[in-house]
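Containing mmCIF, C-alpha atoms: upload14.cif.
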data_input
loop_
_atom_site.label_atom_id
_atom_site.label_comp_id
_atom_site.auth_asym_id
_atom_site.auth_seq_id
_atom_site.Cartn_x
_atom_site.Cartn_y
_atom_site.Cartn_z
CA MET A 1 3.02 20.14 52.36
CA THR A 2 3.78 19.75 56.06
CA ALA A 3 5.28 16.68 57.69
CA ALA A 4 2.09 16.13 59.70
CA GLN A 5 0.03 15.56 56.51
CA PRO A 6 -0.55 11.83 55.88
CA ALA A 7 1.22 10.44 52.80
CA ALA A 8 -1.97 8.73 51.59
CA THR A 9 -3.59 12.05 50.68
CA LYS A 10 -0.82 12.94 48.25
CA PRO A 11 -2.23 12.61 44.72
CA PRO A 12 -0.13 10.39 42.44
CA THR A 13 1.79 12.21 39.74
CA ASP A 14 1.26 11.30 36.12
CA SER A 15 4.44 9.26 36.04
CA GLU A 16 3.28 7.24 39.05
CA ALA A 17 -0.23 6.37 37.84
CA GLY A 18 -0.42 2.61 37.99
CA SER A 19 -3.35 1.79 35.70
CA TRP A 20 -2.78 0.36 32.25
CA THR A 21 -4.62 3.29 30.68
CA GLY A 22 -2.08 5.67 32.21
CA TRP A 23 0.77 3.50 30.95
CA VAL A 24 -0.70 3.46 27.42
CA ARG A 25 -1.27 7.25 27.52
CA ARG A 26 2.29 7.98 28.63
CA ARG A 27 3.79 5.68 26.00
CA ALA A 28 1.52 7.05 23.25
CA LEU A 29 2.40 10.66 24.11
CA ARG A 30 6.09 9.84 24.34
CA ASN A 31 6.22 7.96 21.01
CA PHE A 32 3.61 9.96 19.13
CA PRO A 33 3.51 13.58 20.34
CA PRO A 34 0.68 15.46 18.55
CA GLU A 35 3.05 17.62 16.50
CA GLU A 36 4.75 14.44 15.23
CA LEU A 37 1.50 12.53 14.68
CA LEU A 38 -0.15 15.30 12.65
CA PRO A 39 2.68 17.46 11.27
CA ASP A 40 1.84 20.60 9.27
CA SER A 41 5.13 20.68 7.39
CA GLN A 42 7.62 18.22 6.01
CA PRO A 43 11.36 18.35 5.28
CA VAL A 44 12.29 19.93 1.96
CA TYR A 45 13.33 16.62 0.41
CA VAL A 46 9.73 15.39 0.66
CA ALA A 47 8.79 17.92 -2.07
CA SER A 48 9.06 15.32 -4.83
CA TRP A 49 6.42 13.37 -6.73
CA ILE A 50 7.98 10.08 -5.63
CA TYR A 51 6.81 10.80 -2.05
CA VAL A 52 3.19 11.13 -3.21
CA PHE A 53 2.60 7.45 -3.91
CA GLY A 54 2.29 6.37 -0.28
CA VAL A 55 -0.65 8.67 0.39
CA ALA A 56 -2.06 7.89 -3.08
CA THR A 57 -2.09 4.23 -2.03
CA ILE A 58 -4.00 5.10 1.15
CA ALA A 59 -6.49 7.21 -0.83
CA ALA A 60 -7.13 4.31 -3.21
CA PHE A 61 -7.43 1.96 -0.20
CA ILE A 62 -10.20 4.13 1.26
CA VAL A 63 -12.13 3.94 -2.05
CA VAL A 64 -11.58 0.15 -2.05
CA LEU A 65 -13.02 -0.14 1.48
CA VAL A 66 -16.03 2.11 0.82
CA SER A 67 -16.94 0.48 -2.52
CA GLY A 68 -16.40 -2.96 -0.99
CA GLY A 69 -18.70 -2.03 1.87
CA VAL A 70 -21.45 -1.04 -0.59
CA LEU A 71 -20.98 -4.34 -2.50
CA ALA A 72 -21.23 -6.25 0.79
CA LEU A 73 -24.48 -4.46 1.64
CA ARG A 74 -26.18 -5.15 -1.70
CA GLY A 75 -24.86 -8.60 -2.70
CA PRO A 76 -23.91 -10.39 -5.95
CA VAL A 77 -27.35 -10.26 -7.59
CA TRP A 78 -27.16 -6.46 -7.39
CA TRP A 79 -23.55 -6.07 -8.53
CA HIS A 80 -24.05 -8.45 -11.49
CA GLY A 81 -27.58 -7.43 -12.42
CA SER A 82 -28.01 -3.66 -12.20
CA ASP A 83 -26.36 -0.65 -13.80
CA VAL A 84 -25.47 0.95 -10.44
CA GLY A 85 -24.21 -2.42 -9.24
CA HIS A 86 -21.98 -2.70 -12.33
CA TYR A 87 -20.67 0.80 -11.63
CA VAL A 88 -19.82 0.12 -7.97
CA ASN A 89 -18.34 -3.25 -8.93
CA SER A 90 -16.11 -1.49 -11.48
CA LEU A 91 -15.25 1.21 -8.94
CA HIS A 92 -14.11 -1.52 -6.57
CA LEU A 93 -12.03 -3.23 -9.27
CA TRP A 94 -10.36 -0.08 -10.60
CA SER A 95 -9.62 1.33 -7.15
CA VAL A 96 -7.89 -1.97 -6.39
CA GLU A 97 -5.93 -1.66 -9.66
CA LEU A 98 -4.82 1.85 -8.64
CA PHE A 99 -4.12 0.70 -5.06
CA MET A 100 -1.80 -2.05 -6.28
CA ALA A 101 -0.13 0.14 -8.92
CA PHE A 102 0.50 3.02 -6.49
CA MET A 103 1.75 0.60 -3.85
CA VAL A 104 4.23 -1.00 -6.26
CA ILE A 105 5.54 2.42 -7.41
CA HIS A 106 5.82 3.40 -3.71
CA LEU A 107 7.72 0.15 -3.12
CA TRP A 108 10.10 0.84 -6.03
CA GLY A 109 10.79 4.35 -4.73
CA LYS A 110 11.47 3.17 -1.19
CA PHE A 111 13.58 0.23 -2.35
CA PHE A 112 15.88 2.40 -4.47
CA MET A 113 16.30 4.95 -1.65
CA ALA A 114 16.97 2.13 0.88
CA ALA A 115 14.12 3.35 3.08
CA TRP A 116 14.95 0.90 5.88
CA ARG A 117 17.88 3.14 6.92
CA GLY A 118 17.81 5.00 10.25
CA ARG A 119 16.04 2.35 12.39
CA ARG A 120 13.20 2.08 9.88
CA ALA A 121 13.36 -1.70 9.45
CA MET A 122 9.89 -2.21 10.96
CA THR A 123 8.46 0.45 8.65
CA TRP A 124 9.85 -1.46 5.68
CA ILE A 125 8.69 -4.84 7.04
CA THR A 126 5.11 -3.70 7.77
CA GLY A 127 4.95 -2.24 4.24
CA ALA A 128 6.24 -5.44 2.66
CA ILE A 129 3.84 -7.64 4.65
CA SER A 130 0.89 -5.38 3.84
CA PHE A 131 1.85 -5.73 0.15
CA LEU A 132 1.74 -9.54 0.47
CA ALA A 133 -1.55 -9.39 2.39
CA SER A 134 -2.95 -7.14 -0.34
CA ILE A 135 -2.09 -9.75 -2.98
CA GLY A 136 -4.02 -12.32 -0.94
CA THR A 137 -6.95 -9.92 -0.57
CA ALA A 138 -7.03 -9.25 -4.31
CA PHE A 139 -6.84 -12.97 -5.07
CA THR A 140 -9.72 -13.87 -2.74
CA GLY A 141 -11.65 -11.00 -4.32
CA TYR A 142 -11.18 -12.51 -7.76
CA VAL A 143 -12.49 -15.89 -6.58
CA SER A 144 -15.48 -14.24 -4.82
CA GLN A 145 -16.95 -12.65 -7.94
CA GLN A 146 -19.57 -15.40 -8.46
CA ASN A 147 -19.00 -15.66 -12.21
CA LEU A 148 -17.10 -17.77 -14.74
CA ASP A 149 -13.90 -15.82 -14.11
CA SER A 150 -13.94 -16.66 -10.40
CA GLN A 151 -14.60 -20.36 -11.10
CA TRP A 152 -11.78 -20.47 -13.65
CA ILE A 153 -9.31 -18.72 -11.33
CA ALA A 154 -10.26 -20.94 -8.37
CA THR A 155 -9.89 -24.18 -10.31
CA GLN A 156 -6.54 -23.03 -11.72
CA ALA A 157 -5.27 -21.90 -8.29
CA LYS A 158 -6.31 -24.98 -6.30
CA ASP A 159 -3.62 -27.22 -7.80
CA GLY A 160 -0.85 -24.78 -6.97
CA LEU A 161 -2.12 -24.24 -3.43
CA ASN A 162 -2.68 -27.97 -2.86
CA SER A 163 0.85 -28.71 -4.07
CA VAL A 164 2.31 -26.55 -1.29
CA GLY A 165 0.07 -28.18 1.31
CA ILE A 166 -2.25 -25.34 2.31
CA GLY A 167 -5.34 -26.50 0.42
CA ALA A 168 -6.76 -28.13 3.55
CA TYR A 169 -6.80 -24.78 5.37
CA PHE A 170 -7.30 -22.41 2.47
CA ASN A 171 -9.73 -24.02 0.02
CA VAL A 172 -10.19 -21.77 -2.99
CA LEU A 173 -13.19 -23.84 -4.16
CA ASP A 174 -15.02 -23.01 -0.92
CA PHE A 175 -16.81 -19.79 -1.84
CA GLY A 176 -17.95 -19.04 1.71
CA GLN A 177 -14.44 -19.39 3.10
CA MET A 178 -12.92 -17.24 0.34
CA LEU A 179 -15.57 -14.55 0.82
CA MET A 180 -14.88 -14.40 4.57
CA TRP A 181 -11.14 -14.15 3.95
CA HIS A 182 -11.82 -11.38 1.44
CA ILE A 183 -14.25 -9.24 3.40
CA VAL A 184 -13.17 -9.87 7.01
CA LEU A 185 -9.76 -11.37 7.74
CA LEU A 186 -7.53 -9.96 5.02
CA PRO A 187 -8.97 -6.39 4.94
CA LEU A 188 -8.57 -6.33 8.73
CA ALA A 189 -4.96 -7.48 8.38
CA VAL A 190 -4.19 -4.96 5.61
CA GLY A 191 -5.93 -2.17 7.53
CA LEU A 192 -4.02 -2.85 10.77
CA LEU A 193 -0.73 -3.15 8.90
CA VAL A 194 -1.34 0.13 7.08
CA VAL A 195 -2.14 1.89 10.38
CA ALA A 196 1.04 0.45 11.95
CA HIS A 197 3.03 1.44 8.85
CA VAL A 198 1.78 5.05 8.93
CA LEU A 199 2.40 5.33 12.70
CA LEU A 200 5.96 4.10 12.19
CA VAL A 201 6.46 6.63 9.40
CA ARG A 202 5.25 9.35 11.78
CA HIS A 203 7.44 8.07 14.59
CA ARG A 204 10.68 7.73 12.62
CA GLY A 205 9.97 10.44 10.05
CA VAL A 206 10.20 10.22 6.27
CA VAL A 207 13.51 8.73 5.19
CA ARG A 208 16.10 11.08 3.70
CA PRO A 209 17.20 10.50 0.11
CA LEU A 210 20.50 8.70 -0.31
CA PRO A 211 23.44 11.11 -0.08
CA LEU A 212 25.01 12.21 -3.32
CA PRO A 213 28.59 11.13 -3.98
CA PRO A 214 31.12 13.92 -3.24
CA PRO A 215 31.82 16.24 -6.17
CA LYS A 216 34.87 15.29 -8.19
CA ALA A 217 36.54 18.62 -7.36
CA GLU A 218 36.85 17.57 -3.71
CA VAL A 219 38.63 14.34 -4.57
CA PRO A 220 42.40 14.98 -4.59
CA ALA A 221 43.31 14.41 -8.17
CA GLN A 222 46.66 13.15 -9.35
CA ALA A 223 48.59 15.87 -11.15
CA THR A 224 48.49 15.49 -14.87
CA PRO A 225 51.85 15.61 -16.75
CA ARG A 226 50.92 19.11 -17.97
CA GLU A 227 50.34 20.37 -14.37
CA ALA A 228 53.53 18.68 -13.16
CA SER A 229 55.71 20.34 -15.73
CA MET B 1 -24.70 -10.59 -19.70
CA LYS B 2 -26.42 -7.26 -19.35
CA SER B 3 -24.48 -4.61 -21.19
CA GLY B 4 -24.86 -1.18 -22.66
CA GLY B 5 -23.66 -2.61 -25.99
CA PRO B 6 -20.44 -2.11 -27.91
CA ALA B 7 -21.32 1.50 -28.70
CA VAL B 8 -20.68 2.61 -25.11
CA LEU B 9 -17.52 0.57 -24.63
CA ALA B 10 -14.23 2.35 -25.09
CA ILE B 11 -12.50 -0.97 -25.78
CA ASP B 12 -14.24 -4.17 -26.86
CA LEU B 13 -13.15 -6.77 -24.30
CA ASN B 14 -15.29 -9.61 -25.68
CA HIS B 15 -12.46 -11.54 -27.25
CA PRO B 16 -9.59 -13.73 -25.99
CA GLY B 17 -6.64 -11.77 -24.64
CA HIS B 18 -3.50 -11.19 -26.68
CA TYR B 19 -0.29 -12.65 -25.27
CA ILE B 20 3.41 -12.00 -25.75
CA HIS B 21 5.61 -15.11 -25.83
CA TRP B 22 9.30 -14.59 -25.20
CA GLY B 23 11.06 -17.86 -24.40
CA VAL B 24 9.73 -19.06 -21.04
CA ILE B 25 8.10 -15.68 -20.42
CA GLN B 26 4.42 -15.36 -21.30
CA ILE B 27 2.53 -12.20 -20.44
CA SER B 28 -0.71 -10.66 -21.61
CA VAL B 29 -0.46 -7.46 -23.62
CA ALA B 30 -2.71 -5.75 -21.05
CA ASN B 31 -0.40 -6.62 -18.15
CA PHE B 32 2.68 -5.68 -20.19
CA VAL B 33 1.20 -2.27 -21.03
CA ILE B 34 0.31 -1.69 -17.35
CA ILE B 35 3.88 -2.50 -16.26
CA LEU B 36 5.30 -0.13 -18.90
CA LEU B 37 2.89 2.59 -17.72
CA MET B 38 3.94 2.09 -14.10
CA ILE B 39 7.63 2.37 -15.05
CA ALA B 40 6.85 5.55 -17.02
CA ILE B 41 5.00 7.03 -14.01
CA PHE B 42 7.90 6.07 -11.72
CA VAL B 43 10.46 7.78 -13.96
CA ALA B 44 8.20 10.84 -14.37
CA ALA B 45 7.80 11.09 -10.58
CA LEU B 46 11.58 11.23 -10.23
CA LEU B 47 12.14 13.79 -12.97
CA LEU B 48 9.16 16.16 -12.90
CA PRO B 49 9.46 19.19 -10.58
CA PHE B 50 7.11 19.25 -7.60
CA PRO B 51 4.93 22.38 -7.27
CA GLY B 52 5.07 24.53 -4.13
CA ARG B 53 8.54 23.40 -3.12
CA ARG B 54 9.28 26.67 -1.28
CA ARG B 55 6.54 26.06 1.30
CA HIS B 56 8.47 23.16 2.81
CA ARG B 57 11.08 23.57 5.49
#
structure tokens encoding of this file:
Amino acid sequence: MTAAQPAATKPPTDSEAGSWTGWVRRRALRNFPPEELLPDSQPVYVASWIYVFGVATIAAFIVVLVSGGVLALRGPVWWHGSDVGHYVNSLHLWSVELFMAFMVIHLWGKFFMAAWRGRRAMTWITGAISFLASIGTAFTGYVSQQNLDSQWIATQAKDGLNSVGIGAYFNVLDFGQMLMWHIVLLPLAVGLLVVAHVLLVRHRGVVRPLPLPPPKAEVPAQATPREAS
Amino acid sequence: MKSGGPAVLAIDLNHPGHYIHWGVIQISVANFVIILLMIAIFVAALLLPFPGRRRHR
């Protein structure tokens, strides 16, 4: 470039691009480089069954979402009144059972390995909040069944919820409100939290197991009377 | 209730649940069994060897 060339013709470099899309792209590439976002290998300590339960939870969550989507399309008359409806209804229930069981085992594993170490506090927090949101999603699912079970659960739950002062905003006897919480708000919250959780796992990496205590041979032992003599 | 009948059911669920009472603790047998199973799976996941360990770096 010569000095006579006007500065306005100089194309902006990537780091100078002023639009918000450029800012988002640069941050995304810096925090989530492709090889970190979609790794093809993992550290050796990940080769343990206890590390499987996170992805097992996500697999069950996908089945929950798909079966729930089919139930939403066909409606309660179908899921209570036809053989295929019973099957998809059961698929939804049992995938939720597996989702919760896998998530709790995942939680136990991460708790006992103190998985919040190494600047992973947000990973732990998003996982814990998604667990709480999942309990709310399961609960609103139970009260949206449109059968005696759902009526019984709702009437039992209302007193507890009213006693803590949230009954005016979260009315378990209002079927329409519970259904909307169950199929819109809470799945959206759980889904976004799970995406954030997985991105944080990718960003920080899978936590190392807790270090083993040093072998006893390395600890300077006091001489026994036999060695001293 | 439309049903395939007891013949196709692995477990007959058409009866009140069984409960364990232990002081202030009250839990259904079904939930208790599930919790025991989850603990068993957790312990097995810690102890059982994972296949294909050599492929990892």
Residues within 10 Å of (-8.8, -20.4, -9.7), file coords, all atoms listed in the file, listed as a ChimeraX atom specification: /A:139-140,142-143,149-161,172-173
12 Å contact set for Thr126 (chain A), only C-alpha atoms, chain neighbours under 2 positions out, as a PyMOL selection string: chain A and resi 107+116+120-124+128-134+189-201
Residues within 12 Å of (7.6, 4.9, -13.0), counting only C-alpha atoms, listed as a list of chain:residue names: A:Trp49, A:Ile50, A:Phe53, A:Ala101, A:Phe102, A:Met103, A:Val104, A:Ile105, A:His106, A:Leu107, A:Trp108, A:Gly109, B:Ile34, B:Ile35, B:Leu36, B:Leu37, B:Met38, B:Ile39, B:Ala40, B:Ile41, B:Phe42, B:Val43, B:Ala44, B:Ala45, B:Leu46, B:Leu47, B:Leu48
Contact residues (chain A, partner chain B, 6 Å, all atoms listed in the file) as a ChimeraX atom specification: /A:42-44,47-50
Since we have the selection now, will you write its residues out, keeping C-alpha atoms, as a PDB file, keeping the file's coordinate frame?
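Below is the file that was written, again11.pdb:
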ATOM      1  CA  GLN A  42       7.620  18.220   6.010  1.00  0.00           C
ATOM      2  CA  PRO A  43      11.360  18.350   5.280  1.00  0.00           C
ATOM      3  CA  VAL A  44      12.290  19.930   1.960  1.00  0.00           C
ATOM      4  CA  ALA A  47       8.790  17.920  -2.070  1.00  0.00           C
ATOM      5  CA  SER A  48       9.060  15.320  -4.830  1.00  0.00           C
ATOM      6  CA  TRP A  49       6.420  13.370  -6.730  1.00  0.00           C
ATOM      7  CA  ILE A  50       7.980  10.080  -5.630  1.00  0.00           C
TER       8      ILE A  50
END
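In this structure, CA of Gln145 (chain A) sits 10.8 Å away from CA of His182 (chain A).
Of note, CA of Ile25 (chain B) and CA of Asn171 (chain A) are spaced 28.4 Å apart.
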Do a neighbour search on region 57-64 of chain A at 7 Å with only C-alpha atoms, toss out local chain neighbours closer than 3 positions, and write the hits as a PDB file with C-alpha atoms, in the frame of the given file.
ATOM      1  CA  PHE A  53       2.600   7.450  -3.910  1.00  0.00           C
ATOM      2  CA  GLY A  54       2.290   6.370  -0.280  1.00  0.00           C
ATOM      3  CA  SER A  67     -16.940   0.480  -2.520  1.00  0.00           C
ATOM      4  CA  GLY A  68     -16.400  -2.960  -0.990  1.00  0.00           C
ATOM      5  CA  HIS A  92     -14.110  -1.520  -6.570  1.00  0.00           C
ATOM      6  CA  SER A  95      -9.620   1.330  -7.150  1.00  0.00           C
ATOM      7  CA  VAL A  96      -7.890  -1.970  -6.390  1.00  0.00           C
ATOM      8  CA  LEU A  98      -4.820   1.850  -8.640  1.00  0.00           C
ATOM      9  CA  PHE A  99      -4.120   0.700  -5.060  1.00  0.00           C
ATOM     10  CA  PHE A 102       0.500   3.020  -6.490  1.00  0.00           C
ATOM     11  CA  MET A 103       1.750   0.600  -3.850  1.00  0.00           C
TER      12      MET A 103
END
Starting from the displayed file, determine the output of the PyMOL selection byres ((chain B and resi 18) around 8) and express the residue list as a PDB file with C-alpha atoms, keeping the file's coordinate frame.
ATOM      1  CA  PRO B  16      -9.590 -13.730 -25.990  1.00  0.00           C
ATOM      2  CA  GLY B  17      -6.640 -11.770 -24.640  1.00  0.00           C
ATOM      3  CA  TYR B  19      -0.290 -12.650 -25.270  1.00  0.00           C
ATOM      4  CA  ILE B  20       3.410 -12.000 -25.750  1.00  0.00           C
ATOM      5  CA  SER B  28      -0.710 -10.660 -21.610  1.00  0.00           C
ATOM      6  CA  VAL B  29      -0.460  -7.460 -23.620  1.00  0.00           C
ATOM      7  CA  ALA B  30      -2.710  -5.750 -21.050  1.00  0.00           C
TER       8      ALA B  30
END
Expand the PyMOL selection byres ((chain A and resi 80) around 12) into the explicit residue set it covers here, and present it as a PDB file with C-alpha atoms, keeping the file's coordinate frame.
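Result file part15.pdb:
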ATOM      1  CA  LEU A  71     -20.980  -4.340  -2.500  1.00  0.00           C
ATOM      2  CA  ARG A  74     -26.180  -5.150  -1.700  1.00  0.00           C
ATOM      3  CA  GLY A  75     -24.860  -8.600  -2.700  1.00  0.00           C
ATOM      4  CA  PRO A  76     -23.910 -10.390  -5.950  1.00  0.00           C
ATOM      5  CA  VAL A  77     -27.350 -10.260  -7.590  1.00  0.00           C
ATOM      6  CA  TRP A  78     -27.160  -6.460  -7.390  1.00  0.00           C
ATOM      7  CA  TRP A  79     -23.550  -6.070  -8.530  1.00  0.00           C
ATOM      8  CA  GLY A  81     -27.580  -7.430 -12.420  1.00  0.00           C
ATOM      9  CA  SER A  82     -28.010  -3.660 -12.200  1.00  0.00           C
ATOM     10  CA  ASP A  83     -26.360  -0.650 -13.800  1.00  0.00           C
ATOM     11  CA  VAL A  84     -25.470   0.950 -10.440  1.00  0.00           C
ATOM     12  CA  GLY A  85     -24.210  -2.420  -9.240  1.00  0.00           C
ATOM     13  CA  HIS A  86     -21.980  -2.700 -12.330  1.00  0.00           C
ATOM     14  CA  TYR A  87     -20.670   0.800 -11.630  1.00  0.00           C
ATOM     15  CA  VAL A  88     -19.820   0.120  -7.970  1.00  0.00           C
ATOM     16  CA  ASN A  89     -18.340  -3.250  -8.930  1.00  0.00           C
ATOM     17  CA  SER A  90     -16.110  -1.490 -11.480  1.00  0.00           C
ATOM     18  CA  GLN A 145     -16.950 -12.650  -7.940  1.00  0.00           C
ATOM     19  CA  GLN A 146     -19.570 -15.400  -8.460  1.00  0.00           C
ATOM     20  CA  ASN A 147     -19.000 -15.660 -12.210  1.00  0.00           C
TER      21      ASN A 147
ATOM     22  CA  MET B   1     -24.700 -10.590 -19.700  1.00  0.00           C
ATOM     23  CA  LYS B   2     -26.420  -7.260 -19.350  1.00  0.00           C
ATOM     24  CA  SER B   3     -24.480  -4.610 -21.190  1.00  0.00           C
TER      25      SER B   3
END
Atom pair CA of Ala138 (chain A) / CA of Tyr169 (chain A): separation (Å): 18.3 Å
